[in-house]
Amino acid sequence: MTFKRILLARRRIDPWILAFAMFSVALYLPTAVAMCAVFGATGIYVALSNRRRLRAYLDSPLGVIFLYIFWVVLLLGVRGEWQWQNRQLGFMGLLLGFSFIASGLCLVRQPLRWLVLGGRIGTWVALVAALFASLSFQTAADRYDGGGNAAIVALLVALAGIVATIPVEKPWRYLPNGPFYLLIAIVPVFLSQTRAVVLILPVLFLVEFAICSLKWRPRWRNRAYAAAALGLVALFMAPPVHSMLIDRFATVYEYYVDGDQAHNMDSGNIRLALWKASTIVIREHPIAGVGLRDTFANLERVAGPDLHYIVGGKHVHNFLLQELLANGFLGLGLLLAIFASVLWMVWRQPDHYPLKRCVVYFYGIVLAFGMLHDPFYHEQCLATSMLFLAVLIVQFRRWNMLTPAARRTI
């Protein structure tokens with residue numbers, strides 16, 4: 001009876017925990033990882049309590065994730081790297097635990113709706129926090145970093161803004177449906193000055209705005225297009241944004257193309273040195289890689305005159321090269337197969353076209369970000385990606401995995 005009472009109590013609080021987890025993502029709070037861990041821990045029992053549920057798990061994108069984890073752990077065993085202090089082994093354990101978030105959400109009736117609620121509130125609060133941090137006289141930081149890494153914060157705010165744009169039935173009065181959440185998320189992203197995502201969100205907003213305006217009358221639609229164009233031009237020409245774009249993009253062109261050595265391009269030189277050394281090591285170990293632990297030892301071995309750029313690094317600022325170095329071509333193939341299986345699961349669903357676009361935006365921006373960074377070995381990014389995947393699985397496959405009586409509406 002006590003266990004039953006606990007479950008009945010969780011039916012009331014789990015939706016709010018899910019919403020707060022997504023809210024935490026937008027503000028770079030560690031509670032997002034903690035809540036994902038709680039859902040994952042409680043989901044292990046649910047997933048293993050029934051053979052039908054376990055088979056449904058293996059038949060979903062999570063089955064591909066299990067294959068990826070098996071391959072990585074197998075490589076670690078062959079290399080003799082099963083030590084607790086091994087960072088790669090720790091992340092595989094984290095990924096395995098997060099894989100059970102979907103079954104841990106079994107008491108949330110409309111998980112995607114609650115995730116969107118947290119994303120919308122979090123996006124608004126992130127806007128206020130970014131503006132306060134940039135205007136406050138108590139902080140002199142040039143980039144908004146949310147108390148952590150500015151690039152990671154930009155990615156998480158962008159992901160929260162994308163989730164917030166997913167339309168729901170009977171939206172909340174003060175949190176209506178619409179693409180303007182992308183516009184709200186643009187401000188913190190611009191203040192973070194993160195090259196990997198700073199130009200992607202405006203494009204996504206224009207796409208969603210154009211699709212949304214198709215329902216309007218032609219006269220209002222044309223006026224809206226003109227207003228949106230003028231607004232974006234004004235945004236890009238605003239002195240802080242204009243100077244940021246010149247500093248983050250124009251200087252790169254002047255340094256590498258025009259040969260202007262007046263700019264400090266240590267960030268770009270470090271990346272180029274890492275990528276050059278990575279290709280050499282990958283050619284030497286194409287199938288299984290060298291493992292995450294020994295990556296930089298091998299990079300330093302082949303760096304040559306670029307050694308001073310590589311010493312002390314933690315990742316190679318490109319998820320494709322990082323995966324090839326850590327787990328080889330087979331590991332990269334399994335990692336990309338995870339994204340392909342998610343898109344296949346969502347694309348087979350009838351209707352839900354706005355949600356399908358948001359799924360493409362979500363994982364597309366993660367992959368784009370990974371071209372200059374490595375989001376897959378960061379706890380917050382990993383937790384956010386797996387939380388969104390878990391909610392999608394519960395939303396679309398719940399009648400197979402948990403209960404046939406689940407509502408299919410958002």
# chains A, B, ... in the order shown; residues from 1 in each chain; ligands from 1
>>> residues_around(residues="Leu272 in chain A", least_positions_apart="3", cutoff="10 Å", atoms="only C-alpha atoms", output="VMD selection string")
chain A and resid 266 to 269 275 to 278 306 309 316 to 317
>>> atom_distance(atom1="CA of Glu284 in chain A", atom2="CA of Leu320 in chain A")
16.2 Å
>>> residues_around(residues="range 288-291 of chain A", least_positions_apart="3", cutoff="6 Å", atoms="only C-alpha atoms", output="PyMOL selection string")
chain A and resi 285+294+324-328
>>> select_by_dssp(residues="range 32-267 of chain A", states="alpha helix (DSSP H)", output="PyMOL selection string")
chain A and resi 32-48+51-58+61-79+87-98+101-104+111-135+150-164+180-192+195-198+200-213+218-237+239-245+251-256+266-267
>>> closest_residue(among="A:Arg397, A:Ala102, A:Arg283, A:Arg5", to="Asp59 in chain A", atoms="only C-alpha atoms")
A:Arg397
>>> closest_residue(among="A:Val33, A:Val78, A:Ile270, A:Ile200", to="His308 in chain A", atoms="only C-alpha atoms")
A:Ile270
>>> residues_around(residues="range 8-24 of chain A", least_positions_apart="5", cutoff="6 Å", atoms="only C-alpha atoms", output="ChimeraX atom specification")
/A:29,32,107-108,114-115,118-119,122
>>> residues_around(residues="Met244 in chain A", least_positions_apart="5", cutoff="10 Å", atoms="only C-alpha atoms", output="PyMOL selection string")
chain A and resi 142-143+190-195+236+238-239+249-250
>>> write_last_selection(atoms="N, CA, C and O atoms", output="PDB file, in the first residue's frame")
ATOM      1  N   ASP A 142      32.334  39.783 -21.479  1.00  0.00           N
ATOM      2  CA  ASP A 142      31.920  40.143 -22.828  1.00  0.00           C
ATOM      3  C   ASP A 142      30.857  39.203 -23.359  1.00  0.00           C
ATOM      4  O   ASP A 142      30.032  39.587 -24.179  1.00  0.00           O
ATOM      5  N   ARG A 143      30.890  37.953 -22.922  1.00  0.00           N
ATOM      6  CA  ARG A 143      29.966  36.937 -23.423  1.00  0.00           C
ATOM      7  C   ARG A 143      29.060  36.467 -22.297  1.00  0.00           C
ATOM      8  O   ARG A 143      29.509  36.262 -21.164  1.00  0.00           O
ATOM      9  N   PHE A 190      22.815  35.385 -29.069  1.00  0.00           N
ATOM     10  CA  PHE A 190      23.641  36.466 -29.598  1.00  0.00           C
ATOM     11  C   PHE A 190      24.583  37.013 -28.526  1.00  0.00           C
ATOM     12  O   PHE A 190      25.744  37.311 -28.795  1.00  0.00           O
ATOM     13  N   LEU A 191      24.073  37.147 -27.304  1.00  0.00           N
ATOM     14  CA  LEU A 191      24.909  37.669 -26.228  1.00  0.00           C
ATOM     15  C   LEU A 191      26.017  36.695 -25.844  1.00  0.00           C
ATOM     16  O   LEU A 191      27.039  37.103 -25.299  1.00  0.00           O
ATOM     17  N   SER A 192      25.824  35.409 -26.132  1.00  0.00           N
ATOM     18  CA  SER A 192      26.885  34.423 -25.870  1.00  0.00           C
ATOM     19  C   SER A 192      27.977  34.458 -26.932  1.00  0.00           C
ATOM     20  O   SER A 192      29.065  33.925 -26.718  1.00  0.00           O
ATOM     21  N   GLN A 193      27.675  35.032 -28.108  1.00  0.00           N
ATOM     22  CA  GLN A 193      28.624  35.181 -29.214  1.00  0.00           C
ATOM     23  C   GLN A 193      29.188  33.826 -29.665  1.00  0.00           C
ATOM     24  O   GLN A 193      30.379  33.695 -29.957  1.00  0.00           O
ATOM     25  N   THR A 194      28.318  32.826 -29.727  1.00  0.00           N
ATOM     26  CA  THR A 194      28.751  31.479 -30.114  1.00  0.00           C
ATOM     27  C   THR A 194      28.567  31.296 -31.610  1.00  0.00           C
ATOM     28  O   THR A 194      27.437  31.235 -32.103  1.00  0.00           O
ATOM     29  N   ARG A 195      29.657  31.198 -32.339  1.00  0.00           N
ATOM     30  CA  ARG A 195      29.611  31.122 -33.801  1.00  0.00           C
ATOM     31  C   ARG A 195      28.801  29.928 -34.296  1.00  0.00           C
ATOM     32  O   ARG A 195      28.160  30.004 -35.343  1.00  0.00           O
ATOM     33  N   PHE A 236      20.577  43.005 -36.777  1.00  0.00           N
ATOM     34  CA  PHE A 236      21.956  42.802 -37.211  1.00  0.00           C
ATOM     35  C   PHE A 236      22.754  44.109 -37.254  1.00  0.00           C
ATOM     36  O   PHE A 236      23.975  44.088 -37.121  1.00  0.00           O
ATOM     37  N   ALA A 238      22.243  46.649 -35.131  1.00  0.00           N
ATOM     38  CA  ALA A 238      22.393  47.229 -33.792  1.00  0.00           C
ATOM     39  C   ALA A 238      23.866  47.186 -33.395  1.00  0.00           C
ATOM     40  O   ALA A 238      24.551  46.186 -33.646  1.00  0.00           O
ATOM     41  N   PRO A 239      24.394  48.249 -32.787  1.00  0.00           N
ATOM     42  CA  PRO A 239      25.837  48.319 -32.508  1.00  0.00           C
ATOM     43  C   PRO A 239      26.412  47.105 -31.789  1.00  0.00           C
ATOM     44  O   PRO A 239      27.447  46.578 -32.220  1.00  0.00           O
ATOM     45  N   PHE A 249      33.107  36.777 -37.089  1.00  0.00           N
ATOM     46  CA  PHE A 249      33.112  36.232 -38.440  1.00  0.00           C
ATOM     47  C   PHE A 249      34.059  36.981 -39.388  1.00  0.00           C
ATOM     48  O   PHE A 249      34.887  36.369 -40.058  1.00  0.00           O
ATOM     49  N   ALA A 250      33.925  38.298 -39.461  1.00  0.00           N
ATOM     50  CA  ALA A 250      34.733  39.065 -40.418  1.00  0.00           C
ATOM     51  C   ALA A 250      36.221  38.954 -40.115  1.00  0.00           C
ATOM     52  O   ALA A 250      37.049  38.864 -41.029  1.00  0.00           O
TER      53      ALA A 250
END
>>> closest_residue(among="A:Arg293, A:Gly148, A:Leu336, A:Ile44", to="Leu89 in chain A", atoms="only C-alpha atoms")
A:Arg293
